[in-house]
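Step one of this worksheet: look at the structure below.
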Amino acid sequence: MGKTLALLNFALHQRKRRIIIVLPFLSLIEQSAREYAKVIPNILEDHSQQEYGEEHRAFCARWDSPFIITTSVRFFEALFRWKPGDCRKLHNIAQSVIVFDEAQSLPLQLAQATLRAVHALCERYGCSVVFSTATQPKFAALSNIEWRPTEICPWHPALYASLRRTRVEWRVQSPTPLEAIAEEMARSDSVCCILDLRRHAADLYRMLRQHCPAEECFFLTTDKCPAHRSALIDRVRARLREGSPCRVVSTQCIEAGVDLDFGRMYRALAPLEAIIQSAGRCNRNGRLPDGGHVCVFIPEVDGKLYPSDAYGRAAMRVLEMLSAGEIDIHDPAHIDEYYRRLLQDARDDPALTDAVRRRSYEEVSEHYRLIDDRAVQVIVPYEGERALFDAIRQELQRANCLTPQLLRAATPITVATFVHARCERFAEPLFLPAKRGEPPRSSGYYLLRPQYEELYTEEMGLQWPGGKTNKYK
């Protein structure tokens, strides 16, 4: 659809002081910034992977720039955090046009607080706000929300119909063994399967490797560092472009904003927005005359199916709708009905609601969390960036602490893990510089110890002994 440039066109016509593009994932920023840079000079990127000199850091801290690309975490930290460093950019948000791309990723347990903040930006501070996504949440179904959006494209049902590029098979009557999925994938030369848990993805990949040559199979999860995933996605894209056999097993990390085009897609049962986003990687460029094939299935596995209770409840809403008839993922009315069911009982975290009511800025900052921050970060020896890993290890030995510069440099080779006990055993903790008269502070970062570097592999990424993979996607 050319959504990236269409959003820019709309934003420029608003004639505001600045344009702020807000994206949920770091992986989307590089792709979007590359497109915007063809039109807009001097883009300010404010996110954890961007390295700036002293002069530019001041602009980042204040958002004193006409065009900004940032993450959802950075944007809402400015609105809900209470420390001075987070608040320095607040005044520069006023009189801006703010574009939330992939808006379906905003967590529902924070929806009411988030939308009230957005409403205040529009009503009191002269902002225009755009929510952009292929699966627009029906936020009007939330109670006690003054939500009166204006549809930019009133003819959008016709647009959905014109973009019908896939047909969906709802294989949800009974669970399907992963081995059966692996056998089906082996019979296709352009196929991807997206699952909800890393453990399921790893199991399916191992089964698929028993049927296909190694060079035709790819495994994508956040057990692999960002640099590793980017390199693999480039290889996948090249094979798809040249028509070589390409079979990918992945977690949710590629379901939104990653420009891949498979002939066939398998998707473990998930919230409807995740299913639709995954289908967007199938026949993406409309080259298949009969359309791409998307199969939604329930994995036959032991243990839990979903990364969180909220995620599982949303998937159950899909099953509820299917009990009354098939869902047409190209019909906006079906998407609206899904969100109506999902949001009608949605409530913010009670602790956050209470903190907002009492205007306790410190507690609001504590309870408004877009991401689960209980993970720790492990710097890994990805072979494609081995020189960077060795340089970071040497600098850590010299400085004896983790500096902000080192932290930013290490981002491309860092993996988040929730398996704290294993991490403490196999990786070395890193500390922040000590303040005067205080002991060194924990950074939440670790460096894989030299004798355990084999725990990070080209094929599987970071795998702790005993089969303990990471918790989420």
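Residue names in the structure tokens use chain letters A, B, ... in the order shown, residue numbers from 1 in each chain, and ligand numbers from 1 in the order shown.
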
Open item on the list: Which residues are near stretch 299-316 of chain A? Cut-off 12 Å, only C-alpha atoms, ignore same chain within fewer than 4 positions. Put them as a PyMOL selection string.
Closed with: chain A and resi 105+107-109+171-182+193-201+203-204+251-252+266-275+295+320-323+338-343+345-347+372+470-473

Task: Neighbour list for A:Arg124 as a PyMOL selection string, cut-off 9 Å, only C-alpha atoms, skip fewer than 4 positions in-chain - done: chain A and resi 94+119-120

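Between A:Trp155 and the residues A:Ile413, A:Gln136, A:Pro332, A:Ser128, the shortest atom-to-atom distance, using only C-alpha atoms, involves A:Pro332.
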
Task: Nearest-residue call for A:Cys282, choices A:Lys83, A:Gln463, A:Arg357, A:Arg165, using only C-alpha atoms - done: A:Arg165

TODO: Could you jot down the atom CA of A:Gly2 to atom CA of A:Thr221 separation for me, Å, one decimal place?
DONE: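 So the answer is 27.3 Å.
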
Task: Interatomic distance, atom CA of A:Arg237 to atom CA of A:Phe262 (Å, one decimal) - done: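 Between atom CA of A:Arg237 and atom CA of A:Phe262 the gap is 9.6 Å.
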
Open item on the list: Given only C-alpha atoms as the basis, pick out the residue of A:Val97, A:Asp349, A:Gly466, A:Glu383 nearest to A:His367.
Closed with: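 Counting only C-alpha atoms, the residue closest to A:His367 is A:Asp349.
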
TODO: DSSP on the backbone, then: every residue of stretch 359-418 of chain A marked alpha helix (DSSP H), written as a ChimeraX atom specification.
DONE: /A:361-367,386-399,404-410

Kindly save the residues from that selection, with C-alpha atoms included, as a PDB file, in the first residue's frame.
ATOM      1  CA  TYR A 361       3.993  10.575  39.744  1.00  0.00           C
ATOM      2  CA  GLU A 362       6.550   8.128  41.107  1.00  0.00           C
ATOM      3  CA  GLU A 363       4.044   5.269  41.323  1.00  0.00           C
ATOM      4  CA  VAL A 364       2.621   6.014  37.870  1.00  0.00           C
ATOM      5  CA  SER A 365       6.157   5.754  36.516  1.00  0.00           C
ATOM      6  CA  GLU A 366       6.583   2.428  38.294  1.00  0.00           C
ATOM      7  CA  HIS A 367       3.339   0.847  37.063  1.00  0.00           C
ATOM      8  CA  ARG A 386      33.015 -11.417  16.483  1.00  0.00           C
ATOM      9  CA  ALA A 387      35.328  -8.410  16.255  1.00  0.00           C
ATOM     10  CA  LEU A 388      32.743  -6.272  18.072  1.00  0.00           C
ATOM     11  CA  PHE A 389      32.350  -8.878  20.829  1.00  0.00           C
ATOM     12  CA  ASP A 390      36.123  -9.130  21.346  1.00  0.00           C
ATOM     13  CA  ALA A 391      36.495  -5.339  21.398  1.00  0.00           C
ATOM     14  CA  ILE A 392      33.747  -5.015  24.010  1.00  0.00           C
ATOM     15  CA  ARG A 393      35.324  -7.728  26.163  1.00  0.00           C
ATOM     16  CA  GLN A 394      38.702  -5.990  26.021  1.00  0.00           C
ATOM     17  CA  GLU A 395      37.205  -2.589  26.853  1.00  0.00           C
ATOM     18  CA  LEU A 396      35.268  -4.077  29.787  1.00  0.00           C
ATOM     19  CA  GLN A 397      38.479  -5.556  31.146  1.00  0.00           C
ATOM     20  CA  ARG A 398      40.182  -2.185  30.821  1.00  0.00           C
ATOM     21  CA  ALA A 399      37.369  -0.005  32.222  1.00  0.00           C
ATOM     22  CA  PRO A 404      26.833   4.088  28.327  1.00  0.00           C
ATOM     23  CA  GLN A 405      29.012   4.017  25.207  1.00  0.00           C
ATOM     24  CA  LEU A 406      29.753   0.309  25.642  1.00  0.00           C
ATOM     25  CA  LEU A 407      26.102  -0.423  26.347  1.00  0.00           C
ATOM     26  CA  ARG A 408      25.017   1.187  23.080  1.00  0.00           C
ATOM     27  CA  ALA A 409      27.814  -0.498  21.132  1.00  0.00           C
ATOM     28  CA  ALA A 410      26.768  -3.914  22.481  1.00  0.00           C
TER      29      ALA A 410
END

TODO: Would you please work out which residue, of A:Asp331, A:Val130, A:Glu102, A:Ala421, is nearest to A:Ser162 when using only C-alpha atoms?
DONE: A:Asp331

Open item on the list: Write out as a PyMOL selection string the set of residues from stretch 105-304 of chain A that DSSP, computed on the backbone, places in strand (DSSP E).
Closed with: chain A and resi 128-132+166-177+190-194+217-220+246-250+264-268+292-300

Open item on the list: Using only C-alpha atoms, can you tell me which of A:Pro226, A:His13, A:Arg81, A:Glu326 comes closest to A:Trp170?
Closed with: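 For A:Trp170, the nearest of the given residues is A:Glu326.
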
Task: Of the listed residues A:Ala141, A:Ala333, A:Arg264, A:Arg358, that which approaches A:His156 most closely, counting only C-alpha atoms - done: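 Closest to A:His156, using only C-alpha atoms: A:Ala333.
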
TODO: Within 10 Å of A:Glu216, counting only C-alpha atoms, which residues show up once you throw out same-chain ones fewer than 2 positions away? Write them as an MDAnalysis selection string, please.
DONE: chainID A and resid 186 189:190 209 212:214 218 236 239 244:248

Write the residues of the selection above to a file with C-alpha atoms, as a PDB file, in the first residue's frame.
ATOM      1  CA  ALA A 186       9.073 -29.866   3.773  1.00  0.00           C
ATOM      2  CA  ASP A 189       9.668 -24.407  -1.291  1.00  0.00           C
ATOM      3  CA  SER A 190       8.413 -21.064   0.080  1.00  0.00           C
ATOM      4  CA  ARG A 209      15.801 -30.138   9.761  1.00  0.00           C
ATOM      5  CA  CYS A 212      15.311 -30.728   4.598  1.00  0.00           C
ATOM      6  CA  PRO A 213      18.909 -29.641   3.862  1.00  0.00           C
ATOM      7  CA  ALA A 214      20.384 -27.151   6.335  1.00  0.00           C
ATOM      8  CA  PHE A 218      16.080 -20.908   8.883  1.00  0.00           C
ATOM      9  CA  VAL A 236      15.901 -15.372   3.608  1.00  0.00           C
ATOM     10  CA  ARG A 239      16.547 -16.835  -1.372  1.00  0.00           C
ATOM     11  CA  SER A 244      15.506 -20.945  -4.048  1.00  0.00           C
ATOM     12  CA  PRO A 245      13.864 -23.296  -1.507  1.00  0.00           C
ATOM     13  CA  CYS A 246      13.336 -21.394   1.737  1.00  0.00           C
ATOM     14  CA  ARG A 247      11.634 -22.668   4.899  1.00  0.00           C
ATOM     15  CA  VAL A 248      11.481 -20.496   8.003  1.00  0.00           C
TER      16      VAL A 248
END

TODO: Find the residues around A:Gly85 up to 12 Å (only C-alpha atoms counted), leave out those fewer than 2 positions away in its own chain, and share them as a ChimeraX atom specification.
DONE: /A:58,60-63,74,77-79,81-83,87-90

Task: Selection: 12 Å around A:Arg374, only C-alpha atoms, excl. self and same-chain fewer than 5 positions, as a list of chain:residue names - done: A:Arg369, A:Ala416, A:Thr417, A:Phe418, A:Val419, A:His420, A:Gly444, A:Tyr445, A:Lys471, A:Tyr472

Take the residues just selected and output them with N, CA and C atoms as a CSV table (one decimal), in the first residue's frame.
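That gives us out39.csv:
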chain,number,residue,atom,x,y,z
A,369,ARG,N,4.3,0.3,32.3
A,369,ARG,CA,5.4,-0.4,31.7
A,369,ARG,C,4.9,-1.0,30.4
A,416,ALA,N,18.0,-10.8,25.3
A,416,ALA,CA,17.3,-10.8,26.5
A,416,ALA,C,16.9,-12.2,27.0
A,417,THR,N,17.1,-12.4,28.3
A,417,THR,CA,16.7,-13.7,28.8
A,417,THR,C,16.0,-13.5,30.2
A,418,PHE,N,15.1,-14.4,30.4
A,418,PHE,CA,14.3,-14.4,31.7
A,418,PHE,C,14.8,-15.6,32.6
A,419,VAL,N,15.8,-16.4,32.1
A,419,VAL,CA,16.3,-17.5,32.9
A,419,VAL,C,17.5,-17.0,33.7
A,420,HIS,N,17.2,-16.3,34.8
A,420,HIS,CA,18.2,-15.6,35.6
A,420,HIS,C,19.2,-16.5,36.2
A,444,GLY,N,22.3,-5.1,35.1
A,444,GLY,CA,21.3,-6.0,34.4
A,444,GLY,C,21.9,-6.6,33.1
A,445,TYR,N,23.2,-6.4,32.9
A,445,TYR,CA,23.8,-6.9,31.7
A,445,TYR,C,24.9,-8.0,32.1
A,471,LYS,N,11.8,-17.0,27.8
A,471,LYS,CA,10.4,-17.1,28.1
A,471,LYS,C,9.5,-16.8,27.0
A,472,TYR,N,9.7,-15.7,26.3
A,472,TYR,CA,8.7,-15.2,25.4
A,472,TYR,C,9.2,-15.4,24.0

Task: Contacts of A:Phe139 within 10 Å, only C-alpha atoms, excl. fewer than 4 positions in-chain, as a list in words - done: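 With the cut-off at 10 Å, the set is Leu108, Ala111, Gln112, Leu115, Ser143, Ile145, Glu146, Trp147, Arg148, Pro149, Asp336, Tyr339, Arg340, Leu343 and Gln344 of chain A.
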